[in-house]
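Presented below is the structure to which this report refers.
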Amino acid sequence: MGTFCSVIKFENLQEVKRLCHWGPIIALGVIAICSTMAMIDSVLWYWPLHTTGGSMNFIMLINWTVMILYNYFNAMFVGPGFVPLGWKPENSQDSMYLQYCKVCQAYKAPRSHHCRKCNRCVMKMDHHCPWINNCCGYQNHASFTLFLLLAPLGCIHAAFIFVMTMYTQLYNRLSFGWNTVKIDMSAARRDPPPIIPFGLAAFAATLFALGLALGTTIAVGMLFFIQMKIILRNKTSIESWIEEKAKDRIQYYQLDEVFVFPYDMGSRWKNFKQVFTWSGVPKGDGLDWPIREGCHQYSLTIEQLKQKADKRVRSVQYKVIEDYSGTCCPLNRGIKTFFTSPCTEEPRIRLQKGEFILATRGLRYWLYGDKILDDSIKEDVSRIRGWFPRNCVEKCPCDAETDQAPEGEKKNR
């Protein structure tokens, strides 16, 4: 009961406005269409009041819908948890290891980052998800991941119902001849007659719902595996990028150090329990985190400060080698690039061969950065920033100069 109250207990009524956004509207629309059509078709295919199997099928279908909506609204309205405004570490000397947020007028706690959409510093921020119109972070990471698991499972069940309904409803309407196969889509008389006539409109609606269910299974299922991968390592998407840049910095300067991610407990099960608990409440308070042996509480934040001071690590210059139209999911950039398109409201930028761009962060197949404009138009045109595929750019020679520099010179940089 306490968990249920936490869902309907908003910080303020302004939270309801999160529903007035294209992300939740599309997401809830897909859930409504698939759930409604699955319930209607289950009545046609496997009438729930006649057999135990039909009853179990219908109850399970309702169960999927309830659990999906529960975790969806939990992730949306409970939110990720925000760093208190004006927050400072208990030990004032620890502030030297932390970045200061001028917007929130507070220090950024370990693992927290400022979200420009929420306009707050988010605890253990993973990303801002447009589908829930909120950030995924400390408090709602478990609910968000469970939603990503339950949605494909429910869609698989619904897709099975759609296929079986179309098969059973059309089976007696097939007329086999020597040369042709005719399908009568009119409401044929049967004994007993169907409760809901399965005509052309019903067939088209079922086929459309089947397409939505299969598409959701593939897209959301891939997001689930991505989330589970980082949860089992006790990382976030942002922290994975910080770790990648840390290794790049050490390799560039040929330092005699190894960056160890401080929040990896050394066991997948221990990492899993940091997010998923029986009570539904994640461990800790979102400000202090357990660390692995030999690491410092502020190891990650210290690395961030090093990267912020190092302009070379903070942004890497790339040259565009192939045109990119700026589409969200480009088919011509490869299957992996298509299916791993960043799930964010941040824009894609159009690129033309020969242009230059500064990448500040990225994923395995995508990068995020600013397009370098000519000096003559820099003052008149606002900064062009967004995502672009990795395979349409290459690192500039100036960022790969360490491959040709003498050993002594490399170490002295």
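Order determines the names: the first chain of the structure tokens is A, the second B, and so forth; residues in each chain are numbered 1 upward, and ligands are numbered 1 upward as they are shown.
Close contacts of Gly266 in chain A, defined as residues with an atom at most 12 Å away when counting only C-alpha atoms, with chain neighbours fewer than 6 positions off set aside, comprise Leu232, Arg233, Asn234, Val260, Phe272, Pro290, Ile291, Arg292 and Glu293 of chain A.
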For Gly326 in chain A: contacts at 12 Å, only C-alpha atoms, fewer than 3 positions along chain excluded, given as a PyMOL selection string: chain A and resi 323+329-333+341+346-352+385-389+392
Spatial neighbours of Ile68 in chain A, 9 Å, only C-alpha atoms, chain gap at least 2 places, as a PyMOL selection string: chain A and resi 31+63-66+70-73+146-151+154
Write out as a short mmCIF file (atom, residue, chain, number, x, y, z; two decimals) with N, CA, C and O atoms, in the first residue's frame all residues of range 195-389 of chain A that backbone DSSP assigns to strand (DSSP E).
```cif
data_model
loop_
_atom_site.label_atom_id
_atom_site.label_comp_id
_atom_site.auth_asym_id
_atom_site.auth_seq_id
_atom_site.Cartn_x
_atom_site.Cartn_y
_atom_site.Cartn_z
N VAL A 316 36.94 15.82 -28.66
CA VAL A 316 37.81 15.24 -29.69
C VAL A 316 37.31 15.70 -31.06
O VAL A 316 36.11 15.64 -31.34
N GLN A 317 38.23 16.16 -31.89
CA GLN A 317 37.84 16.68 -33.19
C GLN A 317 37.76 15.56 -34.22
O GLN A 317 38.63 14.70 -34.31
N TYR A 318 36.67 15.57 -34.97
CA TYR A 318 36.44 14.58 -36.03
C TYR A 318 36.20 15.31 -37.36
O TYR A 318 35.72 16.45 -37.38
N LYS A 319 36.52 14.59 -38.44
CA LYS A 319 36.23 15.09 -39.78
C LYS A 319 35.17 14.22 -40.41
O LYS A 319 35.23 12.99 -40.33
N VAL A 320 34.19 14.85 -41.04
CA VAL A 320 33.10 14.12 -41.67
C VAL A 320 33.59 13.50 -42.97
O VAL A 320 34.10 14.21 -43.84
N PHE A 356 33.88 19.67 -39.98
CA PHE A 356 34.56 19.25 -38.76
C PHE A 356 33.61 19.37 -37.58
O PHE A 356 32.72 20.24 -37.56
N ILE A 357 33.81 18.49 -36.60
CA ILE A 357 32.92 18.47 -35.45
C ILE A 357 33.69 18.07 -34.20
O ILE A 357 34.63 17.27 -34.27
N LEU A 358 33.31 18.66 -33.07
CA LEU A 358 33.94 18.34 -31.78
C LEU A 358 33.00 17.44 -30.99
O LEU A 358 31.89 17.84 -30.64
N ALA A 359 33.44 16.22 -30.71
CA ALA A 359 32.64 15.26 -29.94
C ALA A 359 32.98 15.38 -28.47
O ALA A 359 34.14 15.36 -28.08
N THR A 360 31.95 15.53 -27.64
CA THR A 360 32.14 15.66 -26.20
C THR A 360 31.75 14.40 -25.43
O THR A 360 32.18 14.19 -24.31
N ARG A 361 30.91 13.59 -26.00
CA ARG A 361 30.52 12.32 -25.39
C ARG A 361 29.94 11.42 -26.46
O ARG A 361 29.76 11.85 -27.61
N GLY A 362 29.63 10.19 -26.09
CA GLY A 362 29.08 9.31 -27.10
C GLY A 362 28.80 7.92 -26.62
O GLY A 362 29.03 7.56 -25.46
N TRP A 366 27.33 5.93 -31.72
CA TRP A 366 26.90 7.32 -31.90
C TRP A 366 27.81 8.25 -31.10
O TRP A 366 28.36 7.87 -30.06
N LEU A 367 27.95 9.48 -31.58
CA LEU A 367 28.70 10.51 -30.88
C LEU A 367 27.83 11.76 -30.73
O LEU A 367 26.90 11.98 -31.51
N TYR A 368 28.17 12.57 -29.73
CA TYR A 368 27.44 13.81 -29.48
C TYR A 368 28.45 14.95 -29.43
O TYR A 368 29.49 14.84 -28.77
N GLY A 369 28.18 16.02 -30.14
CA GLY A 369 29.12 17.13 -30.14
C GLY A 369 28.62 18.35 -30.88
O GLY A 369 27.44 18.44 -31.25
N ASP A 370 29.54 19.30 -31.10
CA ASP A 370 29.23 20.58 -31.75
C ASP A 370 29.89 20.66 -33.11
O ASP A 370 31.06 20.30 -33.26
N LYS A 371 29.13 21.16 -34.07
CA LYS A 371 29.70 21.38 -35.39
C LYS A 371 30.58 22.62 -35.37
O LYS A 371 30.21 23.65 -34.79
N ARG A 385 24.48 21.69 -32.25
CA ARG A 385 24.88 20.59 -31.39
C ARG A 385 23.89 19.43 -31.51
O ARG A 385 22.69 19.66 -31.64
N GLY A 386 24.40 18.20 -31.47
CA GLY A 386 23.51 17.04 -31.53
C GLY A 386 24.27 15.75 -31.73
O GLY A 386 25.50 15.68 -31.67
N TRP A 387 23.51 14.68 -31.97
CA TRP A 387 24.05 13.33 -32.17
C TRP A 387 24.33 13.07 -33.65
O TRP A 387 23.68 13.63 -34.53
N PHE A 388 25.29 12.18 -33.90
CA PHE A 388 25.60 11.76 -35.27
C PHE A 388 26.28 10.39 -35.21
O PHE A 388 26.90 10.03 -34.20
N PRO A 389 26.17 9.57 -36.26
CA PRO A 389 26.76 8.23 -36.25
C PRO A 389 28.29 8.27 -36.26
O PRO A 389 28.90 9.12 -36.91
#
```
Sel. of helix (DSSP H, G or I) residues, range 326-371 of chain A, as an MDAnalysis selection string: chainID A and resid 331:333 335:339
